[in-house]
file final-v1.cif (mmCIF, C-alpha atoms)
data_coords
#
loop_
_atom_site.label_atom_id
_atom_site.label_comp_id
_atom_site.auth_asym_id
_atom_site.auth_seq_id
_atom_site.Cartn_x
_atom_site.Cartn_y
_atom_site.Cartn_z
CA MET W 1 114.69 4.20 24.56
CA THR W 2 114.89 0.43 24.47
CA GLN W 3 112.58 -1.50 22.19
CA MET W 4 109.44 -2.79 23.89
CA VAL W 5 109.31 -6.60 23.95
CA ILE W 6 106.07 -8.43 24.74
CA ASP W 7 106.07 -12.06 25.80
CA PRO W 8 104.13 -13.96 23.08
CA HIS W 9 101.85 -15.67 25.61
CA GLN W 10 101.25 -12.34 27.31
CA LYS W 11 100.38 -10.79 23.95
CA MET W 12 97.71 -13.41 23.27
CA ILE W 13 96.14 -12.76 26.66
CA LEU W 14 96.32 -8.98 26.18
CA ASP W 15 94.75 -9.20 22.73
CA ARG W 16 91.78 -11.11 24.15
CA ILE W 17 91.31 -8.68 27.02
CA ARG W 18 91.63 -5.63 24.78
CA ALA W 19 88.90 -7.04 22.52
CA LEU W 20 86.41 -6.97 25.40
CA PRO W 21 84.29 -3.89 26.16
CA ALA W 22 86.25 -1.49 28.38
CA VAL W 23 84.97 -1.14 31.95
CA ASP W 24 85.93 1.83 34.10
CA MET W 25 85.79 0.40 37.62
CA ARG W 26 85.97 3.92 39.06
CA ALA W 27 82.60 4.75 37.50
CA LEU W 28 80.75 1.73 38.92
CA PRO W 29 79.10 1.52 42.32
CA LEU W 30 81.73 0.07 44.63
CA ALA W 31 79.84 -3.16 45.33
CA VAL W 32 79.35 -3.74 41.60
CA ALA W 33 82.99 -2.97 40.85
CA ARG W 34 84.15 -5.42 43.50
CA GLN W 35 81.90 -8.18 42.21
CA THR W 36 83.13 -7.47 38.67
CA PHE W 37 86.72 -7.80 39.87
CA GLU W 38 85.92 -11.11 41.56
CA ASP W 39 84.12 -12.42 38.47
CA ASN W 40 86.95 -11.38 36.15
CA GLN W 41 89.57 -13.14 38.28
CA ARG W 42 87.70 -16.40 38.84
CA PRO W 43 88.57 -18.01 35.45
CA TRP W 44 92.27 -17.36 36.05
CA VAL W 45 92.54 -19.11 39.42
CA HIS W 46 95.02 -21.91 38.81
CA CYS W 47 97.75 -23.80 40.66
CA PRO W 48 100.35 -25.55 38.46
CA VAL W 49 102.02 -27.49 41.30
CA PRO W 50 100.74 -30.08 43.81
CA THR W 51 99.75 -28.77 47.23
CA GLY W 52 98.36 -30.20 50.44
CA SER W 53 95.35 -29.32 52.55
CA THR W 54 93.34 -26.09 52.57
CA THR W 55 91.68 -24.82 55.74
CA ASP W 56 89.28 -21.89 56.05
CA LEU W 57 89.59 -20.05 59.34
CA SER W 58 89.09 -16.74 61.11
CA VAL W 59 91.83 -14.42 62.39
CA PRO W 60 91.04 -12.03 65.25
CA GLY W 61 91.36 -8.49 63.92
CA PRO W 62 91.21 -5.01 65.44
CA ALA W 63 87.73 -4.47 63.98
CA GLY W 64 86.44 -8.04 64.23
CA PRO W 65 87.12 -11.44 62.66
CA ILE W 66 89.16 -11.56 59.44
CA ARG W 67 88.32 -14.28 56.94
CA ALA W 68 91.43 -16.30 56.15
CA ARG W 69 92.61 -19.45 54.39
CA LEU W 70 95.62 -21.60 55.19
CA TYR W 71 97.32 -23.63 52.44
CA ARG W 72 99.75 -26.38 53.34
CA PRO W 73 102.36 -27.72 50.93
CA ALA W 74 102.25 -31.27 49.65
CA GLY W 75 103.90 -33.92 51.78
CA ASP W 76 103.53 -35.13 55.34
CA PRO W 77 100.41 -33.39 56.73
CA THR W 78 101.83 -33.68 60.26
CA ALA W 79 105.19 -32.06 59.44
CA ARG W 80 105.99 -28.69 61.04
CA VAL W 81 106.47 -26.22 58.18
CA PRO W 82 107.44 -22.54 57.86
CA LEU W 83 104.79 -19.90 57.21
CA VAL W 84 104.27 -17.22 54.58
CA VAL W 85 101.71 -14.53 55.51
CA PHE W 86 100.33 -13.32 52.17
CA ALA W 87 98.53 -10.01 51.50
CA HIS W 88 96.60 -9.87 48.23
CA GLY W 89 96.67 -7.06 45.69
CA GLY W 90 93.83 -5.08 44.15
CA GLY W 91 94.68 -1.44 44.80
CA TRP W 92 93.64 -1.76 48.47
CA THR W 93 90.12 -1.50 47.00
CA PHE W 94 89.53 -4.91 45.40
CA GLY W 95 90.64 -8.49 45.88
CA SER W 96 90.15 -11.30 48.36
CA VAL W 97 91.29 -14.72 49.44
CA ASP W 98 89.31 -16.04 46.45
CA THR W 99 90.84 -13.84 43.73
CA HIS W 100 94.36 -14.80 44.85
CA GLU W 101 93.69 -18.46 45.57
CA GLY W 102 95.91 -19.59 42.72
CA THR W 103 98.84 -17.36 43.64
CA ALA W 104 98.78 -18.24 47.35
CA ARG W 105 98.37 -21.95 46.71
CA THR W 106 101.19 -21.95 44.14
CA ILE W 107 103.54 -20.19 46.56
CA ALA W 108 102.80 -22.95 49.07
CA GLY W 109 103.55 -25.60 46.47
CA PHE W 110 106.82 -24.13 45.26
CA SER W 111 108.14 -22.97 48.64
CA GLY W 112 107.25 -25.96 50.80
CA CYS W 113 105.76 -23.48 53.27
CA ALA W 114 102.25 -23.01 54.56
CA VAL W 115 100.63 -19.82 53.25
CA LEU W 116 98.10 -17.77 55.22
CA SER W 117 95.95 -15.57 52.96
CA PHE W 118 93.32 -13.25 54.40
CA ASP W 119 90.75 -10.55 53.64
CA TYR W 120 92.10 -7.34 55.16
CA ARG W 121 89.73 -4.38 55.31
CA LEU W 122 89.43 -2.55 52.00
CA ALA W 123 89.53 1.14 51.10
CA PRO W 124 87.99 3.64 50.67
CA GLU W 125 85.73 2.61 53.57
CA HIS W 126 88.78 1.55 55.57
CA PRO W 127 91.77 3.71 54.58
CA PHE W 128 95.28 3.50 55.99
CA PRO W 129 96.16 2.32 58.58
CA ALA W 130 93.26 -0.18 58.71
CA PRO W 131 94.60 -2.57 56.02
CA LEU W 132 98.08 -2.48 57.56
CA ASP W 133 96.64 -3.09 61.02
CA ASP W 134 94.96 -6.23 59.71
CA VAL W 135 98.23 -7.52 58.27
CA LEU W 136 99.88 -6.96 61.64
CA ALA W 137 96.96 -8.76 63.32
CA ALA W 138 97.51 -11.78 61.06
CA VAL W 139 101.22 -11.79 61.94
CA ALA W 140 100.43 -11.55 65.66
CA PHE W 141 97.87 -14.35 65.43
CA ALA W 142 100.39 -16.64 63.77
CA ARG W 143 103.12 -15.64 66.22
CA GLY W 144 100.76 -16.55 69.05
CA CYS W 145 100.46 -20.12 67.75
CA GLY W 146 96.97 -19.47 66.44
CA LEU W 147 97.59 -21.77 63.47
CA GLY W 148 98.46 -24.83 65.54
CA ASP W 149 101.51 -26.98 66.15
CA GLY W 150 101.97 -27.84 62.46
CA ILE W 151 103.02 -24.28 61.65
CA ASP W 152 106.44 -23.00 62.69
CA ALA W 153 105.69 -19.29 62.98
CA GLY W 154 109.25 -18.70 64.14
CA ARG W 155 110.20 -19.27 60.52
CA MET W 156 107.91 -16.66 58.97
CA ALA W 157 107.95 -14.60 55.78
CA LEU W 158 105.62 -11.92 54.51
CA ALA W 159 104.55 -11.75 50.89
CA GLY W 160 102.19 -9.73 48.75
CA ASP W 161 101.48 -8.58 45.25
CA SER W 162 100.92 -4.96 44.19
CA ALA W 163 99.00 -3.29 47.05
CA GLY W 164 99.74 -6.40 49.08
CA ALA W 165 103.47 -5.89 48.53
CA ASN W 166 103.05 -2.37 49.87
CA LEU W 167 101.33 -3.74 52.97
CA ALA W 168 103.94 -6.45 53.45
CA LEU W 169 106.80 -3.96 53.35
CA GLY W 170 104.88 -1.49 55.50
CA ALA W 171 104.28 -4.25 58.05
CA MET W 172 108.01 -5.06 58.15
CA LEU W 173 108.75 -1.42 58.89
CA ALA W 174 106.04 -1.21 61.55
CA LEU W 175 107.35 -4.31 63.30
CA ARG W 176 110.88 -2.94 63.20
CA ASP W 177 109.84 0.45 64.54
CA ARG W 178 107.85 -1.14 67.39
CA GLY W 179 110.75 -3.34 68.40
CA LEU W 180 108.81 -6.52 67.59
CA PRO W 181 110.24 -9.69 66.03
CA MET W 182 110.42 -9.39 62.26
CA PRO W 183 109.85 -12.13 59.71
CA MET W 184 112.97 -13.68 58.23
CA THR W 185 112.24 -12.31 54.75
CA ALA W 186 109.54 -10.91 52.49
CA ALA W 187 108.63 -11.57 48.86
CA LEU W 188 107.35 -8.38 47.21
CA PHE W 189 105.70 -8.81 43.82
CA TYR W 190 105.36 -5.72 41.55
CA GLY W 191 104.61 -3.46 44.49
CA CYS W 192 103.32 0.10 44.66
CA PHE W 193 105.64 1.69 47.17
CA ALA W 194 104.92 5.43 46.94
CA PRO W 195 102.30 7.68 45.28
CA ILE W 196 104.61 8.86 42.49
CA PHE W 197 103.17 9.08 38.99
CA ASP W 198 105.85 10.79 36.88
CA THR W 199 108.33 7.93 36.61
CA GLN W 200 109.60 6.67 33.28
CA SER W 201 107.61 3.45 33.62
CA ASN W 202 104.41 5.41 34.27
CA THR W 203 105.12 7.47 31.15
CA ARG W 204 105.77 4.39 29.01
CA PHE W 205 103.10 2.00 30.27
CA GLY W 206 100.57 4.06 32.21
CA ASP W 207 98.00 4.80 29.50
CA GLY W 208 95.98 1.71 30.39
CA SER W 209 96.85 -0.38 27.34
CA PHE W 210 98.83 -2.75 29.59
CA LEU W 211 95.84 -3.24 31.93
CA LEU W 212 96.96 -1.05 34.85
CA GLY W 213 96.92 2.68 34.16
CA THR W 214 98.36 5.65 36.02
CA ALA W 215 94.91 7.25 36.40
CA ASN W 216 93.70 4.15 38.20
CA MET W 217 96.76 4.19 40.44
CA ARG W 218 95.95 7.78 41.48
CA TRP W 219 92.44 6.60 42.39
CA TYR W 220 93.75 3.59 44.31
CA TRP W 221 96.21 5.71 46.28
CA ALA W 222 93.51 8.28 47.13
CA ASN W 223 91.30 5.42 48.35
CA PHE W 224 94.11 3.99 50.46
CA LEU W 225 95.23 7.27 52.00
CA GLY W 226 91.73 8.66 52.42
CA ASN W 227 92.64 11.77 50.40
CA ASP W 228 94.74 12.90 47.46
CA ASP W 229 97.38 14.72 49.51
CA PHE W 230 99.96 12.31 48.20
CA ALA W 231 102.94 14.30 49.45
CA ALA W 232 101.75 13.77 53.03
CA ALA W 233 101.63 9.96 52.81
CA PRO W 234 103.18 8.52 56.00
CA PRO W 235 106.24 6.28 55.60
CA HIS W 236 104.45 3.06 56.58
CA ALA W 237 101.92 3.76 53.81
CA ALA W 238 104.58 4.79 51.27
CA PRO W 239 107.59 2.60 52.18
CA LEU W 240 109.77 4.05 49.42
CA THR W 241 109.93 7.24 51.52
CA ALA W 242 110.82 5.40 54.74
CA ASP W 243 114.14 4.58 56.36
CA LEU W 244 114.72 1.03 55.10
CA ALA W 245 117.69 0.16 57.28
CA GLY W 246 117.55 -2.89 59.50
CA LEU W 247 115.29 -5.03 57.33
CA PRO W 248 116.03 -8.71 56.72
CA PRO W 249 116.98 -9.97 53.24
CA LEU W 250 114.16 -9.38 50.76
CA TYR W 251 113.00 -10.72 47.41
CA LEU W 252 111.69 -8.23 44.81
CA ASN W 253 109.82 -9.14 41.64
CA ALA W 254 108.87 -6.67 38.90
CA ALA W 255 107.08 -6.83 35.56
CA GLY W 256 108.74 -5.30 32.51
CA LEU W 257 105.57 -3.69 31.08
CA ASP W 258 104.26 -2.29 34.33
CA PRO W 259 103.75 1.40 35.15
CA LEU W 260 104.91 0.40 38.65
CA LEU W 261 108.21 -1.05 37.39
CA ASP W 262 110.13 1.97 38.67
CA ASP W 263 108.55 1.62 42.12
CA THR W 264 110.45 -1.64 42.48
CA LEU W 265 113.65 -0.37 40.83
CA LEU W 266 113.71 2.68 43.10
CA THR W 267 113.02 0.51 46.15
CA SER W 268 115.87 -1.79 45.16
CA ALA W 269 118.21 1.20 44.97
CA ARG W 270 117.02 2.46 48.38
CA LEU W 271 117.52 -0.98 49.92
CA ALA W 272 121.04 -1.15 48.50
CA ALA W 273 121.85 2.28 49.93
CA ALA W 274 120.53 1.15 53.32
CA GLY W 275 122.66 -1.98 53.26
CA VAL W 276 119.70 -4.38 53.01
CA ARG W 277 120.50 -7.55 51.09
CA HIS W 278 117.91 -8.36 48.46
CA ARG W 279 117.33 -10.17 45.21
CA LEU W 280 115.65 -8.38 42.31
CA ASP W 281 114.04 -10.29 39.43
CA VAL W 282 112.61 -8.23 36.56
CA TRP W 283 110.48 -10.35 34.24
CA PRO W 284 110.47 -8.81 30.75
CA GLY W 285 107.49 -8.69 28.43
CA VAL W 286 104.75 -9.14 31.05
CA VAL W 287 102.24 -6.80 32.65
CA HIS W 288 101.27 -5.82 36.17
CA GLY W 289 99.44 -8.68 37.87
CA PHE W 290 101.04 -11.32 35.64
CA LEU W 291 101.36 -13.88 38.44
CA ARG W 292 97.59 -14.38 38.39
CA LEU W 293 97.82 -15.44 34.72
CA ALA W 294 99.70 -18.66 35.47
CA ARG W 295 97.00 -20.75 33.78
CA GLU W 296 98.24 -19.52 30.37
CA LEU W 297 101.48 -17.65 31.03
CA PRO W 298 104.63 -19.79 31.51
CA THR W 299 106.57 -16.74 32.74
CA ALA W 300 104.18 -16.49 35.69
CA VAL W 301 104.90 -20.09 36.66
CA ALA W 302 108.65 -19.48 36.37
CA ALA W 303 108.37 -16.33 38.50
CA LEU W 304 106.38 -18.11 41.19
CA ALA W 305 108.91 -20.94 41.20
CA ALA W 306 111.76 -18.43 41.64
CA ALA W 307 109.95 -16.80 44.56
CA GLY W 308 109.27 -20.20 46.05
CA ASP W 309 112.96 -21.06 45.84
CA HIS W 310 113.86 -17.87 47.68
CA LEU W 311 111.31 -18.48 50.42
CA ARG W 312 112.32 -22.11 50.84
CA SER W 313 115.98 -21.14 51.16
CA ALA W 314 115.42 -18.16 53.46
CA LEU W 315 113.08 -19.95 55.85
CA ASN W 316 115.18 -23.07 56.15
CA GLN W 317 118.40 -21.31 57.07
CA LYS W 318 119.85 -22.19 60.45
CA THR W 319 119.77 -19.28 62.85
#
call {"tool": "encode", "arguments": {"input": "final-v1.cif", "output": "structure tokens"}}
result
Amino acid sequence: MTQMVIDPHQKMILDRIRALPAVDMRALPLAVARQTFEDNQRPWVHCPVPTGSTTDLSVPGPAGPIRARLYRPAGDPTARVPLVVFAHGGGWTFGSVDTHEGTARTIAGFSGCAVLSFDYRLAPEHPFPAPLDDVLAAVAFARGCGLGDGIDAGRMALAGDSAGANLALGAMLALRDRGLPMPMTAALFYGCFAPIFDTQSNTRFGDGSFLLGTANMRWYWANFLGNDDFAAAPPHAAPLTADLAGLPPLYLNAAGLDPLLDDTLLTSARLAAAGVRHRLDVWPGVVHGFLRLARELPTAVAALAAAGDHLRSALNQKT
């Protein structure tokens, strides 16, 4: 077994978090747990790169309006720019436009694209396929010119972190299977791609000492699926089990100290077998969710810059 290496900046952050009283979010009333998640994320919201305007808006969804926020990159505010549709993480149970403000804004800054972030319906009240349906609604809204002339929705990418990466990949598969136009690429950050809990990375990092634990992932998956019959998870909910052929080039990001590391490595292998071009960046010494630590973690800034480079290149290719 290789020696475990922890990024020194990540270690300082981990030491501070480990010194705090432990909170089991599963044991709290859901409303309290969600507010705790929001409160815990607020101090970390940070954007290390200049950006342009921010606009709050509403996206028509299958169950009513979806709160959303559009970030434009720095530069000419009248320029027509590509679009990244971003789905936030949080185990399909937590998270919002606000908790991922820093990540979405930074992607806009580094990519030169507009980023649409939105509050899809959360589980367990709204299990699969509700969150995925909301992602598809956001894509359809953008495709229908709902964001105005300054957004070139013909040059679109999907992106998401953790549960959001799952939804982004699931949305790509749903669009493919329905014969609808697909985005030109997707950026998938430390995703959870199937309810598998016996991988090597779960064994090494899943005890909770690296923030995300395997027990919590079981809870998140049960919330998302509406039950704990994990073997019956449909392919659009568990994309690692799906036929991945016919997808556009993808960008995969993984954290070296993440119980979900093998989700991304296995997905990379499946994509290769299906002939799907993709780039895989594994960032050593950092934990699940590390992109949201960009205020104090240089590796997070470097990873967001790398993703921005991919998106900029992919969405500015001539077709």
call {"tool": "closest_residue", "arguments": {"input": "final-v1.cif", "among": "W:Leu57, W:Cys47, W:Ala79, W:Ala163", "to": "Ala104 in chain W", "atoms": "only C-alpha atoms"}}
result
W:Cys47
call {"tool": "closest_residue", "arguments": {"input": "final-v1.cif", "among": "W:Pro29, W:Gly146, W:Gly112, W:Gly95", "to": "His310 in chain W", "atoms": "all atoms listed in the file"}}
result
W:Gly112
call {"tool": "closest_residue", "arguments": {"input": "final-v1.cif", "among": "W:His288, W:Cys145, W:Gly75, W:Val276", "to": "Phe210 in chain W", "atoms": "only C-alpha atoms"}}
result
W:His288
call {"tool": "resolve_selection", "arguments": {"input": "final-v1.cif", "expression": "the PyMOL selection byres ((chain W and resi 99) around 12)", "output": "tab-separated table (two decimals) with C-alpha atoms, keeping the file's coordinate frame"}}
result
chain	number	residue	atom	x	y	z
W	34	ARG	CA	84.15	-5.42	43.50
W	35	GLN	CA	81.90	-8.18	42.21
W	36	THR	CA	83.13	-7.47	38.67
W	37	PHE	CA	86.72	-7.80	39.87
W	38	GLU	CA	85.92	-11.11	41.56
W	39	ASP	CA	84.12	-12.42	38.47
W	40	ASN	CA	86.95	-11.38	36.15
W	41	GLN	CA	89.57	-13.14	38.28
W	42	ARG	CA	87.70	-16.40	38.84
W	43	PRO	CA	88.57	-18.01	35.45
W	44	TRP	CA	92.27	-17.36	36.05
W	45	VAL	CA	92.54	-19.11	39.42
W	46	HIS	CA	95.02	-21.91	38.81
W	87	ALA	CA	98.53	-10.01	51.50
W	88	HIS	CA	96.60	-9.87	48.23
W	89	GLY	CA	96.67	-7.06	45.69
W	90	GLY	CA	93.83	-5.08	44.15
W	94	PHE	CA	89.53	-4.91	45.40
W	95	GLY	CA	90.64	-8.49	45.88
W	96	SER	CA	90.15	-11.30	48.36
W	97	VAL	CA	91.29	-14.72	49.44
W	98	ASP	CA	89.31	-16.04	46.45
W	100	HIS	CA	94.36	-14.80	44.85
W	101	GLU	CA	93.69	-18.46	45.57
W	102	GLY	CA	95.91	-19.59	42.72
W	103	THR	CA	98.84	-17.36	43.64
W	104	ALA	CA	98.78	-18.24	47.35
W	105	ARG	CA	98.37	-21.95	46.71
W	117	SER	CA	95.95	-15.57	52.96
W	118	PHE	CA	93.32	-13.25	54.40
W	119	ASP	CA	90.75	-10.55	53.64
W	161	ASP	CA	101.48	-8.58	45.25
W	289	GLY	CA	99.44	-8.68	37.87
W	291	LEU	CA	101.36	-13.88	38.44
W	292	ARG	CA	97.59	-14.38	38.39
W	293	LEU	CA	97.82	-15.44	34.72
call {"tool": "resolve_selection", "arguments": {"input": "final-v1.cif", "expression": "the PyMOL selection byres ((chain W and resi 4) around 12)", "output": "PyMOL selection string"}}
result
chain W and resi 1-3+5-7+201+204-205+256-258+284-286
call {"tool": "closest_residue", "arguments": {"input": "final-v1.cif", "among": "W:Pro65, W:Pro298, W:Pro248, W:Gly213", "to": "Arg277 in chain W", "atoms": "all atoms listed in the file"}}
result
W:Pro248
call {"tool": "residues_around", "arguments": {"input": "final-v1.cif", "residues": "Phe141 in chain W", "least_positions_apart": "3", "cutoff": "10 Å", "atoms": "only C-alpha atoms", "output": "JSON, numbers by chain"}}
result
{"W": [59, 60, 61, 135, 136, 137, 138, 144, 145, 146, 147, 153]}
call {"tool": "resolve_selection", "arguments": {"input": "final-v1.cif", "expression": "the PyMOL selection byres ((chain W and resi 218-234) around 9)", "output": "number ranges by chain"}}
result
W: 26, 90-93, 122-129, 131, 194-197, 213-217, 235-239, 241-242
call {"tool": "closest_residue", "arguments": {"input": "final-v1.cif", "among": "W:Ala187, W:Leu260, W:Leu247, W:Ala22", "to": "Thr203 in chain W", "atoms": "all atoms listed in the file"}}
result
W:Leu260
call {"tool": "residues_around", "arguments": {"input": "final-v1.cif", "residues": "Gly150 in chain W", "least_positions_apart": "4", "cutoff": "8 Å", "atoms": "all atoms listed in the file", "output": "PyMOL selection string"}}
result
chain W and resi 78-81
call {"tool": "residues_near_point", "arguments": {"input": "final-v1.cif", "point": "(105.0, -13.7, 61.6)", "cutoff": "8 Å", "atoms": "only C-alpha atoms", "output": "list of chain:residue names"}}
result
W:Leu83, W:Val84, W:Val85, W:Ala138, W:Val139, W:Ala140, W:Ala142, W:Arg143, W:Ala153, W:Gly154, W:Arg155, W:Met156, W:Ala157, W:Leu158, W:Pro181, W:Met182, W:Pro183
call {"tool": "closest_residue", "arguments": {"input": "final-v1.cif", "among": "W:Leu211, W:Val287, W:Leu30, W:Ile107", "to": "Arg18 in chain W", "atoms": "all atoms listed in the file"}}
result
W:Leu211
call {"tool": "residues_around", "arguments": {"input": "final-v1.cif", "residues": "Pro73 in chain W", "least_positions_apart": "5", "cutoff": "8 Å", "atoms": "all atoms listed in the file", "output": "JSON, numbers by chain"}}
result
{"W": [50, 51, 52, 53, 108, 109, 111, 112, 113, 114]}
call {"tool": "atom_distance", "arguments": {"input": "final-v1.cif", "atom1": "CA of Leu116 in chain W", "atom2": "CA of Leu70 in chain W"}}
result
4.6 Å
call {"tool": "atom_distance", "arguments": {"input": "final-v1.cif", "atom1": "CA of Leu250 in chain W", "atom2": "CA of Ala165 in chain W"}}
result
11.5 Å
call {"tool": "atom_distance", "arguments": {"input": "final-v1.cif", "atom1": "CA of Asp281 in chain W", "atom2": "CA of Ala300 in chain W"}}
result
12.2 Å
